[in-house]
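Structure file query30.tsv; described as TSV, C-alpha atoms and all ligand atoms.
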chain	number	residue	atom	x	y	z
A	23	MET	CA	8.73	-6.89	31.43
A	24	GLY	CA	8.68	-3.29	30.29
A	25	PHE	CA	10.26	-1.43	27.40
A	26	VAL	CA	12.95	1.20	27.71
A	27	PHE	CA	10.90	3.42	25.38
A	28	ASN	CA	7.15	3.39	24.83
A	29	ALA	CA	6.21	0.58	22.40
A	30	PRO	CA	5.22	2.01	19.02
A	31	SER	CA	1.52	2.48	18.44
A	32	VAL	CA	-0.13	0.02	16.04
A	33	SER	CA	-0.68	1.38	12.53
A	34	SER	CA	-4.12	0.60	11.19
A	35	VAL	CA	-6.60	1.12	8.38
A	36	ALA	CA	-10.35	1.74	8.69
A	37	ILE	CA	-12.77	-0.95	7.57
A	38	HIS	CA	-16.01	-0.03	5.81
A	39	GLY	CA	-19.04	-0.54	8.05
A	40	ILE	CA	-17.03	-2.10	10.88
A	41	GLU	CA	-15.97	-0.26	14.01
A	42	ASP	CA	-12.76	-2.25	14.55
A	43	ARG	CA	-9.75	-1.36	12.44
A	44	PHE	CA	-7.30	-3.48	10.42
A	45	ALA	CA	-3.96	-3.55	12.26
A	46	VAL	CA	-1.20	-3.24	9.68
A	47	ARG	CA	1.69	-5.70	9.99
A	48	ARG	CA	3.71	-5.16	6.79
A	49	ILE	CA	3.28	-3.32	3.51
A	50	PHE	CA	4.40	-5.21	0.40
A	51	CYS	CA	4.40	-3.45	-2.97
A	52	VAL	CA	4.60	-4.98	-6.45
A	53	GLY	CA	6.86	-3.22	-8.96
A	54	ARG	CA	5.86	-2.54	-12.59
A	55	ASN	CA	2.70	-4.63	-12.70
A	56	TYR	CA	0.93	-2.90	-15.61
A	57	ALA	CA	2.53	-3.18	-19.06
A	58	ALA	CA	1.97	0.45	-20.09
A	59	HIS	CA	3.51	1.66	-16.79
A	60	ALA	CA	6.53	-0.66	-17.22
A	61	ARG	CA	7.05	0.89	-20.67
A	62	GLU	CA	6.78	4.46	-19.38
A	63	MET	CA	9.46	3.55	-16.80
A	64	GLY	CA	11.73	2.33	-19.62
A	65	ARG	CA	11.30	-1.41	-19.04
A	66	ASP	CA	10.04	-4.37	-21.09
A	67	PRO	CA	6.79	-5.58	-19.53
A	68	ASP	CA	6.82	-9.08	-21.00
A	69	ARG	CA	6.12	-10.76	-17.71
A	70	GLU	CA	9.45	-10.39	-16.00
A	71	PRO	CA	9.02	-12.27	-12.73
A	72	PRO	CA	7.12	-10.20	-10.15
A	73	PHE	CA	9.35	-8.20	-7.82
A	74	TYR	CA	8.65	-6.47	-4.56
A	75	PHE	CA	9.67	-3.69	-2.25
A	76	MET	CA	8.31	-2.79	1.15
A	77	LYS	CA	7.23	0.21	3.15
A	78	PRO	CA	7.20	0.43	6.94
A	79	SER	CA	3.78	-0.20	8.48
A	80	ASP	CA	3.72	3.30	9.97
A	81	ALA	CA	3.87	4.84	6.48
A	82	VAL	CA	0.16	4.10	6.15
A	83	MET	CA	-2.05	7.22	6.17
A	84	ASP	CA	-5.81	7.50	6.60
A	85	ASN	CA	-8.16	8.67	3.90
A	86	GLY	CA	-8.34	12.46	3.94
A	87	ALA	CA	-5.09	12.90	5.87
A	88	ASP	CA	-2.74	15.67	4.81
A	89	VAL	CA	0.64	14.34	3.65
A	90	PRO	CA	3.62	16.64	4.11
A	91	TYR	CA	5.76	17.06	1.00
A	92	PRO	CA	8.69	14.79	1.93
A	93	PRO	CA	12.27	15.98	2.34
A	94	GLN	CA	15.16	15.22	-0.03
A	95	THR	CA	13.12	15.16	-3.21
A	96	SER	CA	12.04	17.53	-5.93
A	97	ASN	CA	10.00	14.91	-7.80
A	98	LEU	CA	7.27	13.41	-5.61
A	99	HIS	CA	5.03	11.11	-7.69
A	100	TYR	CA	1.58	9.63	-7.10
A	101	GLU	CA	0.84	5.98	-7.97
A	102	GLY	CA	-2.82	4.96	-7.70
A	103	GLU	CA	-3.12	1.29	-6.73
A	104	LEU	CA	-5.51	-1.46	-5.70
A	105	VAL	CA	-4.53	-2.70	-2.22
A	106	VAL	CA	-5.08	-6.27	-1.06
A	107	ALA	CA	-5.54	-6.87	2.69
A	108	ILE	CA	-4.46	-10.31	3.91
A	109	GLY	CA	-6.64	-11.95	6.56
A	110	LYS	CA	-5.10	-15.39	7.17
A	111	LYS	CA	-1.66	-16.88	7.64
A	112	CYS	CA	-0.49	-18.06	4.23
A	113	ILE	CA	2.53	-20.18	3.31
A	114	ASP	CA	3.12	-21.66	-0.15
A	115	THR	CA	-0.43	-21.38	-1.41
A	116	ASN	CA	-1.50	-22.06	-4.99
A	117	ILE	CA	-3.45	-20.11	-7.60
A	118	ASP	CA	-6.73	-21.89	-6.87
A	119	ASP	CA	-6.62	-21.20	-3.12
A	120	ALA	CA	-4.85	-17.83	-3.04
A	121	LEU	CA	-7.96	-15.66	-2.82
A	122	ASP	CA	-9.07	-17.50	0.34
A	123	TYR	CA	-6.40	-15.52	2.21
A	124	VAL	CA	-7.72	-12.12	1.11
A	125	TYR	CA	-9.70	-10.25	3.77
A	126	GLY	CA	-10.61	-7.30	1.62
A	127	TYR	CA	-9.59	-4.54	-0.77
A	128	ALA	CA	-8.83	-0.85	-0.56
A	129	VAL	CA	-7.62	2.03	-2.69
A	130	GLY	CA	-4.03	3.13	-2.06
A	131	ASN	CA	-1.44	5.61	-3.24
A	132	ASP	CA	2.19	4.40	-3.45
A	133	LEU	CA	3.81	7.83	-3.03
A	134	THR	CA	7.30	7.81	-4.52
A	135	ARG	CA	10.34	10.08	-4.38
A	136	ARG	CA	10.96	9.37	-8.06
A	137	ASP	CA	14.33	11.10	-8.21
A	138	LEU	CA	15.71	8.98	-5.37
A	139	GLN	CA	14.11	5.80	-6.71
A	140	LEU	CA	15.55	6.24	-10.21
A	141	ASP	CA	18.99	7.14	-8.85
A	142	ALA	CA	18.95	3.96	-6.75
A	143	ARG	CA	17.69	1.92	-9.69
A	144	GLU	CA	20.53	3.14	-11.93
A	145	LYS	CA	23.10	2.29	-9.28
A	146	GLY	CA	21.59	-1.13	-8.50
A	147	ARG	CA	20.82	-0.01	-4.96
A	148	PRO	CA	17.71	-0.66	-2.83
A	149	TRP	CA	14.65	1.53	-3.33
A	150	ASP	CA	13.96	2.24	0.34
A	151	THR	CA	14.68	5.94	0.29
A	152	GLY	CA	12.58	6.40	-2.84
A	153	LYS	CA	9.64	4.32	-1.63
A	154	GLY	CA	9.66	3.66	2.10
A	155	PHE	CA	9.60	7.16	3.53
A	156	ASP	CA	7.31	8.63	6.20
A	157	HIS	CA	3.64	9.05	5.20
A	158	SER	CA	4.25	7.28	1.85
A	159	ALA	CA	1.31	4.84	1.94
A	160	PRO	CA	-2.10	6.56	2.03
A	161	CYS	CA	-4.87	3.94	2.12
A	162	ALA	CA	-8.66	4.35	2.12
A	163	GLU	CA	-10.98	2.13	4.14
A	164	ILE	CA	-10.92	-1.60	3.45
A	165	HIS	CA	-14.01	-3.25	2.01
A	166	THR	CA	-14.25	-6.88	3.04
A	167	VAL	CA	-14.64	-9.72	0.55
A	168	ASP	CA	-18.00	-10.42	2.21
A	169	GLN	CA	-19.07	-6.90	1.24
A	170	VAL	CA	-17.69	-6.55	-2.30
A	171	GLY	CA	-16.44	-9.94	-3.46
A	172	HIS	CA	-13.11	-10.10	-5.28
A	173	ILE	CA	-11.97	-7.16	-7.38
A	174	GLU	CA	-10.95	-8.54	-10.77
A	175	ASN	CA	-12.45	-6.24	-13.38
A	176	ALA	CA	-12.75	-2.65	-12.18
A	177	ARG	CA	-11.76	0.76	-13.45
A	178	ILE	CA	-8.82	2.32	-11.58
A	179	TRP	CA	-8.29	6.06	-11.94
A	180	LEU	CA	-6.46	8.97	-10.36
A	181	THR	CA	-6.96	12.72	-10.54
A	182	VAL	CA	-4.81	15.62	-9.39
A	183	ASN	CA	-6.87	18.74	-8.61
A	184	GLY	CA	-9.71	17.16	-10.58
A	185	GLU	CA	-7.67	16.47	-13.72
A	186	THR	CA	-7.48	12.82	-14.76
A	187	LYS	CA	-3.92	11.45	-14.77
A	188	GLN	CA	-4.43	7.68	-14.61
A	189	ASP	CA	-7.34	5.69	-16.05
A	190	SER	CA	-7.05	1.93	-16.49
A	191	ASN	CA	-8.57	-1.32	-15.27
A	192	VAL	CA	-7.26	-3.76	-12.69
A	193	ASN	CA	-7.86	-6.55	-15.22
A	194	LYS	CA	-4.65	-5.28	-16.87
A	195	LEU	CA	-2.47	-6.35	-13.96
A	196	ILE	CA	0.43	-8.37	-15.44
A	197	TRP	CA	0.52	-10.53	-12.29
A	198	SER	CA	-3.03	-11.09	-11.08
A	199	ILE	CA	-3.93	-10.95	-7.41
A	200	PRO	CA	-3.99	-14.78	-7.06
A	201	GLU	CA	-0.58	-14.92	-8.75
A	202	VAL	CA	0.89	-12.20	-6.53
A	203	VAL	CA	-0.43	-13.81	-3.31
A	204	THR	CA	0.84	-17.22	-4.44
A	205	ASN	CA	4.30	-15.89	-5.33
A	206	LEU	CA	4.64	-13.76	-2.19
A	207	SER	CA	3.63	-16.76	-0.07
A	208	THR	CA	6.68	-18.65	-1.37
A	209	LEU	CA	8.94	-15.82	-0.18
A	210	PHE	CA	7.29	-14.77	3.10
A	211	THR	CA	4.83	-16.17	5.60
A	212	LEU	CA	1.94	-13.85	4.84
A	213	MET	CA	0.04	-12.89	7.98
A	214	PRO	CA	-3.21	-11.15	8.89
A	215	GLY	CA	-2.50	-7.44	8.75
A	216	ASP	CA	-0.27	-7.56	5.69
A	217	LEU	CA	-1.16	-5.16	2.89
A	218	ILE	CA	-0.14	-5.63	-0.74
A	219	TYR	CA	-0.03	-2.58	-3.02
A	220	THR	CA	-0.50	-4.32	-6.36
A	221	GLY	CA	1.13	-1.82	-8.73
A	222	THR	CA	0.15	1.29	-10.63
A	223	PRO	CA	-1.08	1.78	-14.20
A	224	GLU	CA	0.48	4.24	-16.64
A	225	GLY	CA	0.28	7.99	-16.20
A	226	VAL	CA	2.40	8.50	-13.09
A	227	GLY	CA	3.59	12.03	-12.52
A	228	PRO	CA	4.63	14.70	-10.04
A	229	VAL	CA	2.66	16.57	-7.41
A	230	VAL	CA	3.50	19.71	-5.48
A	231	LYS	CA	2.40	21.29	-2.22
A	232	GLY	CA	-1.29	22.14	-2.29
A	233	ASP	CA	-2.25	19.40	-4.78
A	234	VAL	CA	-5.21	17.17	-3.98
A	235	ILE	CA	-4.86	13.60	-5.24
A	236	ARG	CA	-7.95	11.44	-5.61
A	237	VAL	CA	-7.74	7.72	-6.42
A	238	GLY	CA	-10.63	5.39	-7.17
A	239	VAL	CA	-11.31	1.76	-7.95
A	240	ASP	CA	-14.88	0.90	-8.93
A	241	GLY	CA	-16.73	-0.61	-5.99
A	242	LEU	CA	-14.37	0.78	-3.32
A	243	THR	CA	-14.18	4.04	-1.38
A	244	ASP	CA	-12.18	6.78	-3.12
A	245	LEU	CA	-8.93	7.89	-1.47
A	246	GLU	CA	-8.23	11.60	-1.14
A	247	THR	CA	-4.86	12.98	-0.09
A	248	LYS	CA	-3.69	16.57	0.05
A	249	ILE	CA	0.03	17.34	-0.18
A	250	VAL	CA	0.90	20.11	2.28
A	301	MN	MN	3.73	1.32	-7.02

Turn the structure described in the file into structure tokens.
Amino acid sequence: MGFVFNAPSVSSVAIHGIEDRFAVRRIFCVGRNYAAHAREMGRDPDREPPFYFMKPSDAVMDNGADVPYPPQTSNLHYEGELVVAIGKKCIDTNIDDALDYVYGYAVGNDLTRRDLQLDAREKGRPWDTGKGFDHSAPCAEIHTVDQVGHIENARIWLTVNGETKQDSNVNKLIWSIPEVVTNLSTLFTLMPGDLIYTGTPEGVGPVVKGDVIRVGVDGLTDLETKIV
């Protein structure tokens, strides 16, 4: 059997110290998962149930790649995030076992057309145009759990042109990584290749053409993205 058009190429992320790459299946993102960010977005962070949105797998962008300023926005925002890479099929897991399904961790940037996202939010519409656009998911190389263990207490920071904009710690996640994996596994069959962008701390803001965004999580490779 053939295809009427060429099958799409497989999106993938580099893996630290390993030649093979991580084929990306789906990109899940957690909304408002740091209290101070929920407040800056005008919401009460008192552990509303976790909620999710998705990006297409081909939105993923390699470390160092130039990202074109996207169309239909005048308010492109960065969101520095810890990314969880799933390595095993996972259905209805529990808090104690959830981390067994994690293959590794990476640093990501959940690029957001904030104007479109907030307009959709006000109208009760989906966030796809604000979140799931082309090139919207830069991701640095994955570090495996064998290499770095589990990332539970680590500084997360973001700079634009060298100026610090976000500076927090992943131990401030409202919904921890085991809780997010457990909850997502009740909603979806998680599969190897799935990425989870776990949410951004406070300090989100706009970028313009020419800006260089750098995101770091202690213990992982920094992610650098230039907006062109
Ligand atoms: Mn985000």

So, with only C-alpha atoms as the atoms that count, which of A:Gly171, A:Pro200, A:Gly221, A:Pro160 lies closest to Asn85 (chain A)? A:Pro160

Which protein, DNA or RNA residues are at most 12 Å from (4.9, 11.0, 4.0) in the file's coordinates when you count all atoms listed in the file, listed as an MDAnalysis selection string? chainID A and resid 77:78 80:84 87:95 98:100 131:135 151:160 247:250

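Atom pair CA of Glu246 (chain A) / CA of Trp197 (chain A): separated by 26.3 Å.
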
Check every protein, DNA and RNA residue against ligand MN 301 (chain A), keep those with an atom at most 7 Å away (counting all atoms listed in the file), and present them as a ChimeraX atom specification. /A:51-53,101,103,132,219,221-222

With only C-alpha atoms as the atoms that count, which of A:Leu212, A:Val229, A:Leu195, A:Val167 lies nearest to Ala57 (chain A)?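 Comparing A:Leu212, A:Val229, A:Leu195, A:Val167 against Ala57 (chain A), the winner is A:Leu195.
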
Residues within 10 Å of (-11.3, -7.8, 4.5), file coords, only C-alpha atoms, listed as an MDAnalysis selection string: chainID A and resid 37:38 44 106:109 123:128 163:171 214:215

Nearest candidate to Asn205 (chain A) (options A:Asp68, A:Asp114, A:Asp122, A:Ser96; using only C-alpha atoms):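 Closest to Asn205 (chain A) of all the choices is A:Asp114.
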
Check the smallest atom-to-atom distance from each of A:Ser207, A:Asn116, A:Asn97, A:Val202 to Asp137 (chain A) using all atoms listed in the file, then report the winner. A:Asn97

Using Å and a single decimal, report how far CA of Leu217 (chain A) sits from CA of Gly146 (chain A). 25.8 Å

Quick one: pull the distance between CA of Phe75 (chain A) and CA of Asn55 (chain A), Å, one decimal. 12.6 Å

Mind checking which residues fall within 7 Å of His59 (chain A), counting only C-alpha atoms, ignoring those fewer than 4 positions away in the same chain, and posting them as a VMD selection string? chain A and resid 54 63 223 to 224

Since the input lacks some atoms of region 53-64 of chain A, please model all heavy atoms and print them as a PDB file, in the frame of the given file.
ATOM      1  N   GLY A  53       6.281  -4.163  -7.995  1.00  0.00           N
ATOM      2  CA  GLY A  53       6.860  -3.220  -8.960  1.00  0.00           C
ATOM      3  C   GLY A  53       6.355  -3.510 -10.369  1.00  0.00           C
ATOM      4  O   GLY A  53       6.124  -4.665 -10.726  1.00  0.00           O
ATOM      5  N   ARG A  54       6.173  -2.437 -11.151  1.00  0.00           N
ATOM      6  CA  ARG A  54       5.860  -2.540 -12.590  1.00  0.00           C
ATOM      7  C   ARG A  54       4.906  -3.670 -12.930  1.00  0.00           C
ATOM      8  O   ARG A  54       5.256  -4.610 -13.639  1.00  0.00           O
ATOM      9  CB  ARG A  54       7.182  -2.722 -13.380  1.00  0.00           C
ATOM     10  CG  ARG A  54       8.113  -1.532 -13.272  1.00  0.00           C
ATOM     11  CD  ARG A  54       9.223  -1.576 -14.299  1.00  0.00           C
ATOM     12  NE  ARG A  54      10.206  -2.616 -14.115  1.00  0.00           N
ATOM     13  CZ  ARG A  54      11.359  -2.470 -13.439  1.00  0.00           C
ATOM     14  NH1 ARG A  54      11.663  -1.315 -12.902  1.00  0.00           N
ATOM     15  NH2 ARG A  54      12.206  -3.467 -13.342  1.00  0.00           N
ATOM     16  N   ASN A  55       3.659  -3.540 -12.494  1.00  0.00           N
ATOM     17  CA  ASN A  55       2.700  -4.630 -12.700  1.00  0.00           C
ATOM     18  C   ASN A  55       1.613  -4.302 -13.721  1.00  0.00           C
ATOM     19  O   ASN A  55       0.625  -5.017 -13.825  1.00  0.00           O
ATOM     20  CB  ASN A  55       2.089  -5.052 -11.358  1.00  0.00           C
ATOM     21  CG  ASN A  55       1.577  -6.478 -11.383  1.00  0.00           C
ATOM     22  OD1 ASN A  55       1.899  -7.248 -12.286  1.00  0.00           O
ATOM     23  ND2 ASN A  55       0.764  -6.825 -10.404  1.00  0.00           N
ATOM     24  N   TYR A  56       1.779  -3.187 -14.446  1.00  0.00           N
ATOM     25  CA  TYR A  56       0.930  -2.900 -15.610  1.00  0.00           C
ATOM     26  C   TYR A  56       1.881  -2.638 -16.774  1.00  0.00           C
ATOM     27  O   TYR A  56       2.862  -1.892 -16.624  1.00  0.00           O
ATOM     28  CB  TYR A  56       0.063  -1.662 -15.398  1.00  0.00           C
ATOM     29  CG  TYR A  56      -1.071  -1.800 -14.403  1.00  0.00           C
ATOM     30  CD1 TYR A  56      -0.837  -1.690 -13.040  1.00  0.00           C
ATOM     31  CD2 TYR A  56      -2.378  -2.015 -14.844  1.00  0.00           C
ATOM     32  CE1 TYR A  56      -1.878  -1.795 -12.131  1.00  0.00           C
ATOM     33  CE2 TYR A  56      -3.434  -2.112 -13.940  1.00  0.00           C
ATOM     34  CZ  TYR A  56      -3.177  -2.003 -12.586  1.00  0.00           C
ATOM     35  OH  TYR A  56      -4.205  -2.097 -11.683  1.00  0.00           O
ATOM     36  N   ALA A  57       1.595  -3.246 -17.942  1.00  0.00           N
ATOM     37  CA  ALA A  57       2.530  -3.180 -19.060  1.00  0.00           C
ATOM     38  C   ALA A  57       2.812  -1.734 -19.484  1.00  0.00           C
ATOM     39  O   ALA A  57       3.972  -1.349 -19.708  1.00  0.00           O
ATOM     40  CB  ALA A  57       1.993  -3.977 -20.243  1.00  0.00           C
ATOM     41  N   ALA A  58       1.770  -0.914 -19.594  1.00  0.00           N
ATOM     42  CA  ALA A  58       1.970   0.450 -20.090  1.00  0.00           C
ATOM     43  C   ALA A  58       2.778   1.281 -19.088  1.00  0.00           C
ATOM     44  O   ALA A  58       3.513   2.195 -19.481  1.00  0.00           O
ATOM     45  CB  ALA A  58       0.621   1.129 -20.360  1.00  0.00           C
ATOM     46  N   HIS A  59       2.679   0.966 -17.788  1.00  0.00           N
ATOM     47  CA  HIS A  59       3.510   1.660 -16.790  1.00  0.00           C
ATOM     48  C   HIS A  59       4.955   1.166 -16.879  1.00  0.00           C
ATOM     49  O   HIS A  59       5.895   1.961 -16.782  1.00  0.00           O
ATOM     50  CB  HIS A  59       2.965   1.467 -15.388  1.00  0.00           C
ATOM     51  CG  HIS A  59       3.876   2.000 -14.311  1.00  0.00           C
ATOM     52  ND1 HIS A  59       4.192   3.345 -14.212  1.00  0.00           N
ATOM     53  CD2 HIS A  59       4.570   1.376 -13.320  1.00  0.00           C
ATOM     54  CE1 HIS A  59       5.023   3.524 -13.186  1.00  0.00           C
ATOM     55  NE2 HIS A  59       5.269   2.347 -12.638  1.00  0.00           N
ATOM     56  N   ALA A  60       5.163  -0.143 -17.068  1.00  0.00           N
ATOM     57  CA  ALA A  60       6.530  -0.660 -17.220  1.00  0.00           C
ATOM     58  C   ALA A  60       7.215   0.039 -18.391  1.00  0.00           C
ATOM     59  O   ALA A  60       8.368   0.467 -18.302  1.00  0.00           O
ATOM     60  CB  ALA A  60       6.515  -2.173 -17.419  1.00  0.00           C
ATOM     61  N   ARG A  61       6.457   0.230 -19.493  1.00  0.00           N
ATOM     62  CA  ARG A  61       7.050   0.890 -20.670  1.00  0.00           C
ATOM     63  C   ARG A  61       7.372   2.341 -20.359  1.00  0.00           C
ATOM     64  O   ARG A  61       8.432   2.834 -20.751  1.00  0.00           O
ATOM     65  CB  ARG A  61       6.083   0.799 -21.866  1.00  0.00           C
ATOM     66  CG  ARG A  61       6.086  -0.567 -22.518  1.00  0.00           C
ATOM     67  CD  ARG A  61       5.308  -0.576 -23.843  1.00  0.00           C
ATOM     68  NE  ARG A  61       4.788  -1.910 -24.081  1.00  0.00           N
ATOM     69  CZ  ARG A  61       3.536  -2.282 -23.821  1.00  0.00           C
ATOM     70  NH1 ARG A  61       2.654  -1.399 -23.368  1.00  0.00           N
ATOM     71  NH2 ARG A  61       3.156  -3.515 -24.024  1.00  0.00           N
ATOM     72  N   GLU A  62       6.496   3.047 -19.658  1.00  0.00           N
ATOM     73  CA  GLU A  62       6.780   4.460 -19.380  1.00  0.00           C
ATOM     74  C   GLU A  62       7.969   4.599 -18.434  1.00  0.00           C
ATOM     75  O   GLU A  62       8.603   5.653 -18.382  1.00  0.00           O
ATOM     76  CB  GLU A  62       5.542   5.203 -18.846  1.00  0.00           C
ATOM     77  CG  GLU A  62       5.229   4.978 -17.383  1.00  0.00           C
ATOM     78  CD  GLU A  62       3.989   5.742 -16.901  1.00  0.00           C
ATOM     79  OE1 GLU A  62       3.483   6.607 -17.623  1.00  0.00           O
ATOM     80  OE2 GLU A  62       3.535   5.416 -15.783  1.00  0.00           O
ATOM     81  N   MET A  63       8.294   3.528 -17.677  1.00  0.00           N
ATOM     82  CA  MET A  63       9.460   3.550 -16.800  1.00  0.00           C
ATOM     83  C   MET A  63      10.703   2.991 -17.512  1.00  0.00           C
ATOM     84  O   MET A  63      11.733   2.753 -16.891  1.00  0.00           O
ATOM     85  CB  MET A  63       9.198   2.734 -15.527  1.00  0.00           C
ATOM     86  CG  MET A  63       8.081   3.296 -14.650  1.00  0.00           C
ATOM     87  SD  MET A  63       8.336   5.021 -14.123  1.00  0.00           S
ATOM     88  CE  MET A  63       9.737   4.820 -13.031  1.00  0.00           C
ATOM     89  N   GLY A  64      10.570   2.748 -18.838  1.00  0.00           N
ATOM     90  CA  GLY A  64      11.730   2.330 -19.620  1.00  0.00           C
ATOM     91  C   GLY A  64      12.064   0.855 -19.503  1.00  0.00           C
ATOM     92  O   GLY A  64      13.216   0.453 -19.692  1.00  0.00           O
TER      93      GLY A  64
END
